[in-house]
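J.: What follows is my_file20.txt; its format and atoms are compact mmCIF, C-alpha atoms and all ligand atoms.
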```txt
# COMPACT_ATOMS: atom_id res chain seq x y z
CA MET R 517 -8.93 31.09 22.22
CA ARG R 518 -9.36 34.82 22.86
CA ARG R 519 -6.21 36.91 22.50
CA ARG R 520 -6.07 37.85 26.20
CA ASP R 521 -6.18 34.15 27.20
CA PHE R 522 -3.57 33.32 24.59
CA VAL R 523 -1.18 36.02 25.86
CA SER R 524 -1.67 35.02 29.50
CA GLY R 525 -1.09 31.41 28.44
CA ILE R 526 2.31 32.36 27.01
CA ALA R 527 3.20 34.25 30.21
CA LEU R 528 2.22 31.24 32.29
CA ALA R 529 4.31 28.88 30.18
CA ALA R 530 7.32 31.22 30.30
CA GLY R 531 7.00 31.48 34.09
CA ALA R 532 6.80 27.73 34.45
CA ALA R 533 9.93 27.28 32.32
CA ALA R 534 11.85 29.89 34.33
CA CYS R 535 10.86 28.29 37.66
CA SER R 536 11.89 24.80 36.61
CA GLY R 537 15.52 25.95 36.09
CA GLU R 538 18.11 23.20 36.05
CA GLN R 539 15.53 20.51 36.55
CA GLY R 540 13.95 21.53 33.22
CA ALA R 541 17.29 21.43 31.44
CA ASP R 542 17.99 17.93 32.77
CA ALA R 543 14.58 16.73 31.63
CA ALA R 544 15.15 18.20 28.18
CA ALA R 545 18.55 16.50 27.96
CA ALA R 546 17.05 13.16 28.98
CA GLY R 547 14.27 13.56 26.40
CA ALA R 548 16.84 14.14 23.66
CA SER R 549 19.05 11.20 24.63
CA ARG R 550 22.18 10.95 22.50
CA GLU R 551 21.98 7.18 22.42
CA SER R 552 22.19 5.96 18.86
CA PHE R 553 20.69 2.91 17.18
CA GLU R 554 21.68 0.76 14.22
CA TRP R 555 18.80 -1.17 12.76
CA ASN R 556 18.23 -3.51 9.85
CA LEU R 557 15.23 -3.29 7.54
CA ALA R 558 14.08 -6.12 5.26
CA THR R 559 11.92 -5.40 2.22
CA SER R 560 10.01 -7.48 -0.32
CA TRP R 561 11.27 -5.36 -3.22
CA PRO R 562 13.90 -5.91 -5.89
CA PRO R 563 16.94 -3.70 -5.18
CA GLY R 564 16.59 -0.16 -6.50
CA LEU R 565 13.07 -0.71 -7.92
CA PRO R 566 11.67 2.78 -8.65
CA GLY R 567 8.97 3.76 -6.19
CA LEU R 568 8.85 0.82 -3.81
CA GLY R 569 12.57 0.15 -3.53
CA THR R 570 13.83 3.71 -3.84
CA GLY R 571 11.02 4.89 -1.54
CA VAL R 572 12.33 2.71 1.29
CA GLN R 573 15.82 4.05 0.69
CA HIS R 574 14.47 7.61 0.89
CA LEU R 575 12.64 6.70 4.11
CA VAL R 576 15.75 5.53 5.93
CA GLU R 577 17.80 8.47 4.61
CA ARG R 578 15.18 10.89 5.94
CA ILE R 579 15.18 9.14 9.33
CA GLY R 580 18.99 9.27 9.41
CA ARG R 581 19.09 12.99 8.62
CA ALA R 582 16.17 13.97 10.86
CA SER R 583 17.71 12.11 13.80
CA GLY R 584 21.15 13.62 13.27
CA GLY R 585 22.47 10.11 12.63
CA ARG R 586 21.08 8.66 15.88
CA LEU R 587 18.92 6.13 14.04
CA GLN R 588 20.80 4.49 11.18
CA ILE R 589 18.90 1.87 9.21
CA LYS R 590 20.40 -0.52 6.69
CA VAL R 591 18.06 -1.72 3.93
CA PHE R 592 18.06 -5.27 2.58
CA ALA R 593 16.24 -5.95 -0.70
CA GLY R 594 13.90 -8.91 -1.12
CA GLY R 595 15.79 -12.19 -0.64
CA GLU R 596 19.00 -10.61 0.60
CA LEU R 597 18.48 -11.31 4.28
CA VAL R 598 15.16 -13.17 4.33
CA PRO R 599 12.92 -14.41 1.49
CA ALA R 600 11.02 -11.55 -0.17
CA LEU R 601 7.60 -12.60 1.11
CA GLU R 602 8.72 -13.45 4.67
CA VAL R 603 9.41 -9.97 5.98
CA PHE R 604 6.51 -10.25 8.45
CA ASP R 605 8.05 -13.14 10.40
CA ALA R 606 11.49 -11.51 10.30
CA VAL R 607 10.09 -8.42 12.04
CA ARG R 608 7.82 -10.31 14.41
CA THR R 609 10.61 -12.56 15.65
CA GLY R 610 13.13 -9.71 15.83
CA THR R 611 15.49 -11.01 13.10
CA VAL R 612 15.26 -7.41 11.85
CA GLN R 613 13.88 -4.42 13.70
CA MET R 614 11.98 -3.03 10.74
CA GLY R 615 10.33 -4.22 7.53
CA HIS R 616 8.73 -2.69 4.45
CA ASP R 617 6.28 -4.74 2.42
CA ALA R 618 2.58 -5.07 1.68
CA SER R 619 0.50 -6.50 4.51
CA TYR R 620 -1.45 -8.80 2.18
CA TYR R 621 1.69 -10.88 1.69
CA HIS R 622 1.04 -12.35 5.13
CA ARG R 623 -2.73 -12.85 4.84
CA GLY R 624 -2.11 -16.58 5.38
CA LYS R 625 -0.86 -15.77 8.89
CA VAL R 626 -3.09 -12.84 9.84
CA ALA R 627 -6.05 -12.64 7.47
CA ALA R 628 -7.25 -9.22 8.66
CA ALA R 629 -3.86 -7.62 7.98
CA GLN R 630 -4.50 -7.64 4.23
CA TYR R 631 -7.09 -4.86 4.51
CA PHE R 632 -4.32 -2.43 5.46
CA THR R 633 -2.93 -2.88 1.95
CA THR R 634 -6.23 -2.76 0.12
CA ALA R 635 -9.64 -4.31 -0.32
CA PRO R 636 -10.96 -5.33 -3.74
CA PHE R 637 -13.53 -2.79 -4.95
CA GLY R 638 -12.52 -0.67 -1.96
CA LEU R 639 -10.81 2.65 -1.31
CA VAL R 640 -8.56 4.63 -3.66
CA ALA R 641 -5.26 6.06 -2.41
CA GLN R 642 -6.54 9.40 -1.14
CA GLU R 643 -9.40 7.62 0.65
CA MET R 644 -6.94 5.18 2.24
CA ASP R 645 -5.06 8.15 3.70
CA ALA R 646 -8.27 9.76 4.94
CA TRP R 647 -9.23 6.47 6.59
CA PHE R 648 -5.79 5.86 8.12
CA TYR R 649 -5.21 9.34 9.51
CA TYR R 650 -8.75 10.50 10.31
CA GLY R 651 -11.12 7.53 10.02
CA GLY R 652 -9.69 5.19 12.64
CA GLY R 653 -7.68 2.98 10.25
CA GLN R 654 -4.34 3.66 11.93
CA GLU R 655 -5.82 2.95 15.38
CA LEU R 656 -7.21 -0.42 14.20
CA TRP R 657 -3.81 -1.23 12.70
CA HIS R 658 -2.00 -0.42 15.95
CA GLU R 659 -4.46 -2.51 17.92
CA LEU R 660 -4.19 -5.59 15.66
CA TYR R 661 -0.40 -5.43 15.30
CA GLY R 662 0.00 -4.66 19.01
CA GLU R 663 -1.40 -8.16 19.67
CA LEU R 664 1.38 -9.52 17.40
CA GLY R 665 4.20 -7.60 19.09
CA MET R 666 4.57 -5.08 16.28
CA ILE R 667 3.63 -1.56 15.27
CA ALA R 668 3.09 -0.41 11.68
CA PHE R 669 2.49 2.79 9.75
CA PRO R 670 1.37 3.46 6.19
CA ALA R 671 4.57 4.19 4.27
CA GLY R 672 3.86 4.60 0.59
CA ASN R 673 1.06 3.99 -1.86
CA THR R 674 1.37 2.99 -5.51
CA ALA R 675 -1.92 4.71 -6.43
CA HIS R 676 -4.42 2.77 -8.53
CA GLN R 677 -2.97 -0.41 -10.03
CA MET R 678 -3.63 -1.94 -13.44
CA LEU R 679 -5.47 -5.27 -13.71
CA GLY R 680 -2.35 -6.62 -15.36
CA TRP R 681 -0.80 -8.38 -18.33
CA PHE R 682 -2.63 -11.17 -20.13
CA ASN R 683 -1.63 -13.53 -22.89
CA ARG R 684 -5.27 -13.92 -23.90
CA GLU R 685 -8.19 -11.58 -24.46
CA LEU R 686 -10.91 -11.28 -21.86
CA ASN R 687 -14.33 -11.09 -23.52
CA SER R 688 -16.48 -12.90 -20.99
CA ILE R 689 -16.17 -14.26 -17.47
CA ASP R 690 -15.54 -17.70 -19.01
CA ASP R 691 -12.19 -16.46 -20.32
CA LEU R 692 -10.93 -16.49 -16.71
CA LYS R 693 -11.55 -20.23 -16.38
CA GLY R 694 -8.29 -22.14 -16.11
CA LEU R 695 -6.22 -18.95 -16.28
CA LYS R 696 -3.10 -19.07 -14.10
CA ILE R 697 -2.65 -15.57 -12.77
CA ARG R 698 -0.14 -13.98 -10.44
CA MET R 699 -2.30 -11.83 -8.20
CA PRO R 700 -1.78 -11.67 -4.42
CA GLY R 701 -4.31 -11.08 -1.69
CA LEU R 702 -8.07 -11.11 -1.81
CA GLY R 703 -7.95 -10.00 -5.47
CA GLY R 704 -6.32 -13.29 -6.42
CA GLU R 705 -8.87 -15.18 -4.35
CA VAL R 706 -11.63 -13.39 -6.26
CA MET R 707 -10.03 -14.48 -9.55
CA GLN R 708 -9.90 -18.03 -8.20
CA ARG R 709 -13.62 -17.93 -7.39
CA ALA R 710 -14.21 -16.87 -10.99
CA GLY R 711 -12.41 -20.01 -12.19
CA ALA R 712 -8.78 -18.85 -12.45
CA THR R 713 -5.86 -20.22 -10.46
CA GLN R 714 -4.21 -17.80 -8.03
CA VAL R 715 -0.43 -17.79 -8.02
CA THR R 716 1.64 -15.72 -5.60
CA MET R 717 5.27 -14.94 -6.39
CA PRO R 718 7.63 -12.05 -5.73
CA ALA R 719 8.32 -9.43 -8.38
CA SER R 720 11.64 -11.00 -9.33
CA ASP R 721 9.92 -14.14 -10.71
CA ILE R 722 7.08 -12.55 -12.68
CA PHE R 723 8.76 -11.78 -16.02
CA THR R 724 10.20 -15.26 -16.60
CA SER R 725 7.03 -17.02 -15.45
CA LEU R 726 4.92 -14.97 -17.85
CA GLN R 727 7.32 -15.23 -20.75
CA THR R 728 7.74 -19.00 -20.47
CA GLY R 729 4.00 -19.59 -20.11
CA ALA R 730 4.30 -20.96 -16.57
CA ILE R 731 1.53 -18.43 -15.86
CA ASP R 732 -0.98 -16.88 -18.31
CA ALA R 733 -1.36 -13.50 -16.68
CA ALA R 734 0.20 -11.34 -14.01
CA GLU R 735 -0.50 -8.14 -12.21
CA TRP R 736 2.38 -6.27 -10.64
CA VAL R 737 1.74 -2.57 -10.07
CA GLY R 738 1.08 -0.17 -12.94
CA PRO R 739 2.80 1.41 -15.93
CA TYR R 740 5.74 2.89 -13.99
CA ASN R 741 6.86 -0.38 -12.35
CA ASP R 742 5.58 -2.80 -14.99
CA LEU R 743 7.74 -1.10 -17.61
CA THR R 744 10.77 -1.50 -15.32
CA LEU R 745 10.13 -5.25 -15.01
CA GLY R 746 9.69 -5.47 -18.81
CA LEU R 747 6.27 -7.10 -18.54
CA HIS R 748 5.21 -5.51 -21.85
CA LYS R 749 7.72 -7.84 -23.50
CA ALA R 750 6.15 -10.92 -21.89
CA ALA R 751 2.43 -10.40 -22.65
CA ARG R 752 0.42 -8.42 -25.17
CA TYR R 753 -2.82 -7.34 -23.46
CA TYR R 754 -2.66 -4.77 -20.70
CA TYR R 755 -6.04 -4.63 -18.93
CA TYR R 756 -7.50 -1.92 -16.70
CA PRO R 757 -8.87 -0.97 -14.26
CA GLY R 758 -7.46 -3.02 -11.41
CA PHE R 759 -10.41 -3.91 -9.18
CA HIS R 760 -8.06 -5.75 -6.83
CA GLU R 761 -5.82 -2.86 -5.71
CA PRO R 762 -7.58 0.48 -6.15
CA GLY R 763 -5.11 2.33 -3.91
CA PRO R 764 -2.80 -0.05 -2.09
CA ALA R 765 -0.76 1.16 0.86
CA LEU R 766 2.65 -0.18 1.77
CA GLU R 767 3.54 -0.79 5.40
CA CYS R 768 6.53 0.02 7.56
CA MET R 769 6.47 -2.60 10.33
CA ILE R 770 8.55 -2.35 13.46
CA ASN R 771 9.21 -4.96 16.11
CA LYS R 772 7.48 -3.60 19.22
CA ALA R 773 10.33 -4.45 21.60
CA ALA R 774 12.73 -2.53 19.34
CA TRP R 775 10.24 0.36 19.03
CA ASP R 776 9.98 0.59 22.82
CA THR R 777 13.76 1.10 23.11
CA LEU R 778 13.54 4.32 21.05
CA PRO R 779 13.21 7.61 22.94
CA GLU R 780 10.06 9.56 22.15
CA ASP R 781 11.73 12.00 19.78
CA LEU R 782 13.08 9.17 17.59
CA GLN R 783 9.68 7.49 17.61
CA GLU R 784 8.15 10.74 16.37
CA ILE R 785 10.83 11.01 13.68
CA VAL R 786 10.01 7.50 12.43
CA ARG R 787 6.27 8.25 12.52
CA SER R 788 6.68 11.55 10.66
CA CYS R 789 9.12 10.18 8.09
CA CYS R 790 6.68 7.34 7.32
CA GLN R 791 3.98 9.93 6.72
CA ALA R 792 6.34 11.94 4.52
CA ILE R 793 7.26 8.92 2.41
CA ASN R 794 3.61 7.96 2.19
CA LEU R 795 2.95 11.27 0.43
CA ASP R 796 6.17 11.26 -1.56
CA MET R 797 5.69 7.79 -3.01
CA GLN R 798 2.15 8.58 -4.20
CA ALA R 799 3.45 11.69 -5.93
CA GLU R 800 6.22 9.66 -7.58
CA TYR R 801 3.74 7.05 -8.85
CA ASN R 802 1.28 9.62 -10.15
CA TRP R 803 4.11 11.23 -12.09
CA GLY R 804 5.89 8.04 -13.17
CA ASN R 805 2.67 6.27 -14.26
CA ALA R 806 1.72 9.17 -16.52
CA MET R 807 5.13 9.11 -18.23
CA ALA R 808 5.22 5.30 -18.57
CA LEU R 809 1.64 5.04 -19.84
CA GLU R 810 2.45 7.39 -22.70
CA GLN R 811 5.35 5.13 -23.62
CA LEU R 812 3.26 1.95 -23.46
CA ARG R 813 0.48 3.49 -25.57
CA ALA R 814 3.03 4.19 -28.29
CA ASP R 815 4.33 0.59 -28.27
CA PRO R 816 2.83 -1.38 -31.23
CA ASP R 817 3.26 -4.66 -29.32
CA VAL R 818 1.06 -3.52 -26.42
CA GLU R 819 -2.75 -3.44 -26.51
CA LEU R 820 -4.38 -1.50 -23.73
CA ARG R 821 -7.84 -2.87 -23.01
CA GLU R 822 -10.63 -1.87 -20.69
CA LEU R 823 -12.06 -4.81 -18.76
CA PRO R 824 -15.60 -5.52 -20.01
CA GLN R 825 -18.22 -4.29 -17.53
CA GLU R 826 -19.79 -7.77 -17.38
CA ILE R 827 -16.54 -9.26 -16.03
CA PHE R 828 -16.05 -6.36 -13.63
CA ASP R 829 -19.55 -6.85 -12.18
CA GLU R 830 -19.13 -10.59 -11.84
CA LEU R 831 -15.79 -10.16 -10.07
CA ARG R 832 -17.42 -7.65 -7.70
CA ARG R 833 -20.04 -10.24 -6.78
CA HIS R 834 -17.28 -12.74 -5.99
CA ALA R 835 -15.34 -10.11 -4.02
CA TYR R 836 -18.24 -9.25 -1.72
CA GLU R 837 -18.96 -12.95 -1.20
CA ALA R 838 -15.32 -13.59 -0.31
CA MET R 839 -15.14 -10.65 2.11
CA ASN R 840 -18.45 -11.51 3.75
CA GLU R 841 -17.34 -15.10 4.29
CA LEU R 842 -14.06 -13.89 5.76
CA SER R 843 -15.88 -11.49 8.08
CA ALA R 844 -18.17 -14.28 9.27
CA GLN R 845 -15.14 -16.35 10.30
CA ASP R 846 -12.79 -13.66 11.58
CA GLU R 847 -13.81 -10.90 13.97
CA TRP R 848 -10.83 -8.69 13.14
CA SER R 849 -11.57 -8.83 9.41
CA ALA R 850 -15.20 -7.94 10.15
CA ARG R 851 -14.20 -4.88 12.20
CA ILE R 852 -11.71 -3.53 9.69
CA GLN R 853 -13.87 -4.21 6.66
CA LYS R 854 -16.86 -2.49 8.25
CA SER R 855 -14.78 0.56 9.16
CA MET R 856 -13.39 0.88 5.61
CA PHE R 857 -16.60 0.27 3.72
CA ASP R 858 -18.73 2.47 6.01
CA PHE R 859 -16.36 5.29 5.15
CA MET R 860 -16.50 4.39 1.44
CA GLN R 861 -20.28 4.85 1.42
CA LYS R 862 -19.88 8.45 2.59
CA SER R 863 -16.83 9.08 0.45
CA ASN R 864 -18.65 7.95 -2.72
CA ASP R 865 -20.96 10.95 -2.59
CA ASN R 866 -18.08 13.29 -1.81
CA LEU R 867 -16.11 12.04 -4.85
CA LEU R 868 -19.13 11.99 -7.17
CA THR R 869 -19.94 15.60 -6.44
CA GLY R 870 -16.30 16.65 -6.26
CA GLU R 871 -13.34 15.24 -8.13
CA LEU R 872 -15.20 12.74 -10.27
CA ALA R 873 -17.64 15.40 -11.51
CA TYR R 874 -14.75 17.74 -12.18
CA LEU R 875 -12.66 15.10 -13.97
CA ASN R 876 -15.58 14.00 -16.15
CA MET R 877 -16.14 17.58 -17.24
CA ARG R 878 -12.41 18.18 -17.70
CA MET R 879 -12.11 15.14 -19.99
CA ARG R 880 -15.24 16.05 -21.99
CA THR R 881 -14.02 19.54 -22.69
CA ARG R 882 -10.36 18.83 -23.35
CA SER R 883 -9.15 19.95 -26.72
CA CA Z 901 -0.13 -5.41 -7.32
```
Show the structure stored in the file as structure tokens.
Ligand code: CA
T.:
Amino acid sequence: MRRRDFVSGIALAAGAAACSGEQGADAAAAGASRESFEWNLATSWPPGLPGLGTGVQHLVERIGRASGGRLQIKVFAGGELVPALEVFDAVRTGTVQMGHDASYYHRGKVAAAQYFTTAPFGLVAQEMDAWFYYGGGQELWHELYGELGMIAFPAGNTAHQMLGWFNRELNSIDDLKGLKIRMPGLGGEVMQRAGATQVTMPASDIFTSLQTGAIDAAEWVGPYNDLTLGLHKAARYYYYPGFHEPGPALECMINKAAWDTLPEDLQEIVRSCCQAINLDMQAEYNWGNAMALEQLRADPDVELRELPQEIFDELRRHAYEAMNELSAQDEWSARIQKSMFDFMQKSNDNLLTGELAYLNMRMRTRS
């Protein structure tokens, strides 16, 4: 805009405001209704868990402060109000107004929803954000959840996850045969196709199951959270990279009927605070993982292992087969998967010539 147009635009706006007089003041007052709301939020997370659990607490505190106390939200940890993996139904049916979990926990109910957490061999955290905010991901999410009577926003990301903790070494694809592994979502299905048995359980059950041998392997998140759960005391081999969750996003789900009762300014506060916590949680994980990894490397009872390329490639073949089969059966999965992976094709070149090139050179020259 040229300066003259800009200045005349300001004059026009000022004139319009002056002319509207009392009517304008009334409209402003109505827009900033003083009605207040008390909501409940169910999560899948153990109480106080760094990152996921504390992130949700920070989210509701931000919303409380930003709204001047007009939207107060009480947080319930996994299992306190509803079972940890049943947050989706609690929000959909209105038992709670809001929920925070990972959308792949309810893939059995809405298969396509799992892509909003992650896709195996898919996008990393910064690409997920690019896709959500600029690549149409958020619009697809609103459309799908709108059909379910809900609305959801990305609200946190753990950054790249580790493949997990194993009580046996992985030297060939055959070592996955008969392995009972805790791994949710499509990643677990991929493991199953490679001969393992997929087990889904909330965080609170992982340590005991791994320690007692009820399962042979488990992924949870990464160094920061895995150290908190004590998984390094339940299994020896810590494998990377995690093909199954390259940059998983958490979701803040809201019952649509409850959402519609909020005035526009409170809706914007919720939307903006979700975006703020989305950034904040990634920063916390990138920091916390670096600190925890150093600690795990120094532990003589922990062996960090890179997954052999042969196994990685074989799992990728299974992953694409699984996703293609899902897309053939489910139109929503096909739409979302195409949108994500079309972006990934373009993003690959951007990363190869940008950060990846830089990081490779940075690592080669470090002293
Ligand atoms: Ca995980």
J.: Compare R:Asp776, R:Glu643, R:Asp846, R:Glu826 by their minimum atom-to-atom distance to R:Asp691, counting all atoms listed in the file, and give me the closest one.
T.: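 Checking each of R:Asp776, R:Glu643, R:Asp846, R:Glu826 against R:Asp691, counting all atoms listed in the file, the winner is R:Glu826.
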J.: Enumerate as a PyMOL selection string the residues within 8 Å of ligand CA 901 (chain Z), counting only C-alpha atoms and all ligand atoms.
T.: chain R and resi 677-678+699-700+735-738+760-761+764
J.: If you measure from atom CA of R:Ala838 to atom CA of R:Ala600, what distance in Å do you get, rounded to one decimal?
T.: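 Between atom CA of R:Ala838 and atom CA of R:Ala600 the gap works out to 26.4 Å.
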J.: Give as number ranges by chain every residue, naming chains and numbers as the document does, that has an atom within 12 Å of (-15.4, -3.5, 10.9), counting only C-alpha atoms.
T.: R: 628, 631, 651-653, 656-657, 839-840, 842-844, 846-859
J.: As a PyMOL selection string, please: the residues near R:Cys790 (cut-off 9 Å, all atoms listed in the file, same-chain neighbours under 3 positions excluded).
T.: chain R and resi 575+579+669-672+767-768+785-787+793-795
J.: Find the distance between atom CA of R:Val640 and atom CA of R:Val591 and write it in Å to one decimal.
T.: 28.4 Å
J.: Under the rule that all atoms listed in the file are counted, which of R:Asp617, R:Gly729, R:Tyr650, R:Asn866 is the nearest residue to R:Gly571?
T.: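 Comparing R:Asp617, R:Gly729, R:Tyr650, R:Asn866 against R:Gly571, the winner is R:Asp617.
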J.: Reconstruct N, CA, C and O atoms of stretch 794-813 of chain R; output as an mmCIF file, in the frame of the given file.
T.:
```cif
data_model
loop_
_atom_site.group_PDB
_atom_site.id
_atom_site.type_symbol
_atom_site.label_atom_id
_atom_site.label_comp_id
_atom_site.auth_asym_id
_atom_site.auth_seq_id
_atom_site.Cartn_x
_atom_site.Cartn_y
_atom_site.Cartn_z
ATOM 1 N N ASN R 794 4.929 8.344 2.669
ATOM 2 C CA ASN R 794 3.610 7.960 2.190
ATOM 3 C C ASN R 794 3.120 8.944 1.121
ATOM 4 O O ASN R 794 2.634 8.560 0.063
ATOM 5 N N LEU R 795 3.313 10.212 1.387
ATOM 6 C CA LEU R 795 2.950 11.270 0.430
ATOM 7 C C LEU R 795 3.881 11.257 -0.780
ATOM 8 O O LEU R 795 3.448 11.309 -1.932
ATOM 9 N N ASP R 796 5.177 11.159 -0.494
ATOM 10 C CA ASP R 796 6.170 11.260 -1.560
ATOM 11 C C ASP R 796 6.019 10.135 -2.587
ATOM 12 O O ASP R 796 6.111 10.356 -3.796
ATOM 13 N N MET R 797 5.775 8.928 -2.086
ATOM 14 C CA MET R 797 5.690 7.790 -3.010
ATOM 15 C C MET R 797 4.465 7.908 -3.922
ATOM 16 O O MET R 797 4.523 7.608 -5.113
ATOM 17 N N GLN R 798 3.340 8.389 -3.357
ATOM 18 C CA GLN R 798 2.150 8.580 -4.200
ATOM 19 C C GLN R 798 2.418 9.589 -5.304
ATOM 20 O O GLN R 798 1.998 9.421 -6.442
ATOM 21 N N ALA R 799 3.126 10.654 -4.938
ATOM 22 C CA ALA R 799 3.450 11.690 -5.930
ATOM 23 C C ALA R 799 4.336 11.090 -7.016
ATOM 24 O O ALA R 799 4.130 11.330 -8.212
ATOM 25 N N GLU R 800 5.315 10.277 -6.606
ATOM 26 C CA GLU R 800 6.220 9.660 -7.580
ATOM 27 C C GLU R 800 5.443 8.744 -8.535
ATOM 28 O O GLU R 800 5.668 8.753 -9.746
ATOM 29 N N TYR R 801 4.518 7.950 -7.987
ATOM 30 C CA TYR R 801 3.740 7.050 -8.850
ATOM 31 C C TYR R 801 2.821 7.808 -9.785
ATOM 32 O O TYR R 801 2.650 7.446 -10.946
ATOM 33 N N ASN R 802 2.191 8.863 -9.275
ATOM 34 C CA ASN R 802 1.280 9.620 -10.150
ATOM 35 C C ASN R 802 2.050 10.256 -11.300
ATOM 36 O O ASN R 802 1.557 10.338 -12.430
ATOM 37 N N TRP R 803 3.248 10.671 -11.048
ATOM 38 C CA TRP R 803 4.110 11.230 -12.090
ATOM 39 C C TRP R 803 4.629 10.119 -13.014
ATOM 40 O O TRP R 803 4.478 10.156 -14.231
ATOM 41 N N GLY R 804 5.250 9.113 -12.404
ATOM 42 C CA GLY R 804 5.890 8.040 -13.170
ATOM 43 C C GLY R 804 4.896 7.262 -14.025
ATOM 44 O O GLY R 804 5.200 6.879 -15.163
ATOM 45 N N ASN R 805 3.683 7.003 -13.491
ATOM 46 C CA ASN R 805 2.670 6.270 -14.260
ATOM 47 C C ASN R 805 2.256 7.041 -15.506
ATOM 48 O O ASN R 805 2.055 6.459 -16.571
ATOM 49 N N ALA R 806 2.126 8.359 -15.365
ATOM 50 C CA ALA R 806 1.720 9.170 -16.520
ATOM 51 C C ALA R 806 2.781 9.100 -17.624
ATOM 52 O O ALA R 806 2.456 8.957 -18.808
ATOM 53 N N MET R 807 4.041 9.158 -17.236
ATOM 54 C CA MET R 807 5.130 9.110 -18.230
ATOM 55 C C MET R 807 5.186 7.722 -18.890
ATOM 56 O O MET R 807 5.325 7.597 -20.101
ATOM 57 N N ALA R 808 5.078 6.672 -18.048
ATOM 58 C CA ALA R 808 5.220 5.300 -18.570
ATOM 59 C C ALA R 808 4.016 4.907 -19.423
ATOM 60 O O ALA R 808 4.161 4.181 -20.410
ATOM 61 N N LEU R 809 2.835 5.381 -19.060
ATOM 62 C CA LEU R 809 1.640 5.040 -19.840
ATOM 63 C C LEU R 809 1.745 5.592 -21.260
ATOM 64 O O LEU R 809 1.394 4.924 -22.236
ATOM 65 N N GLU R 810 2.261 6.787 -21.372
ATOM 66 C CA GLU R 810 2.450 7.390 -22.700
ATOM 67 C C GLU R 810 3.355 6.499 -23.554
ATOM 68 O O GLU R 810 3.102 6.260 -24.737
ATOM 69 N N GLN R 811 4.399 5.994 -22.928
ATOM 70 C CA GLN R 811 5.350 5.130 -23.620
ATOM 71 C C GLN R 811 4.691 3.806 -24.050
ATOM 72 O O GLN R 811 4.892 3.334 -25.166
ATOM 73 N N LEU R 812 3.908 3.221 -23.152
ATOM 74 C CA LEU R 812 3.260 1.950 -23.460
ATOM 75 C C LEU R 812 2.198 2.107 -24.549
ATOM 76 O O LEU R 812 2.024 1.230 -25.400
ATOM 77 N N ARG R 813 1.480 3.221 -24.530
ATOM 78 C CA ARG R 813 0.480 3.490 -25.570
ATOM 79 C C ARG R 813 1.116 3.546 -26.955
ATOM 80 O O ARG R 813 0.501 3.176 -27.954
#
```
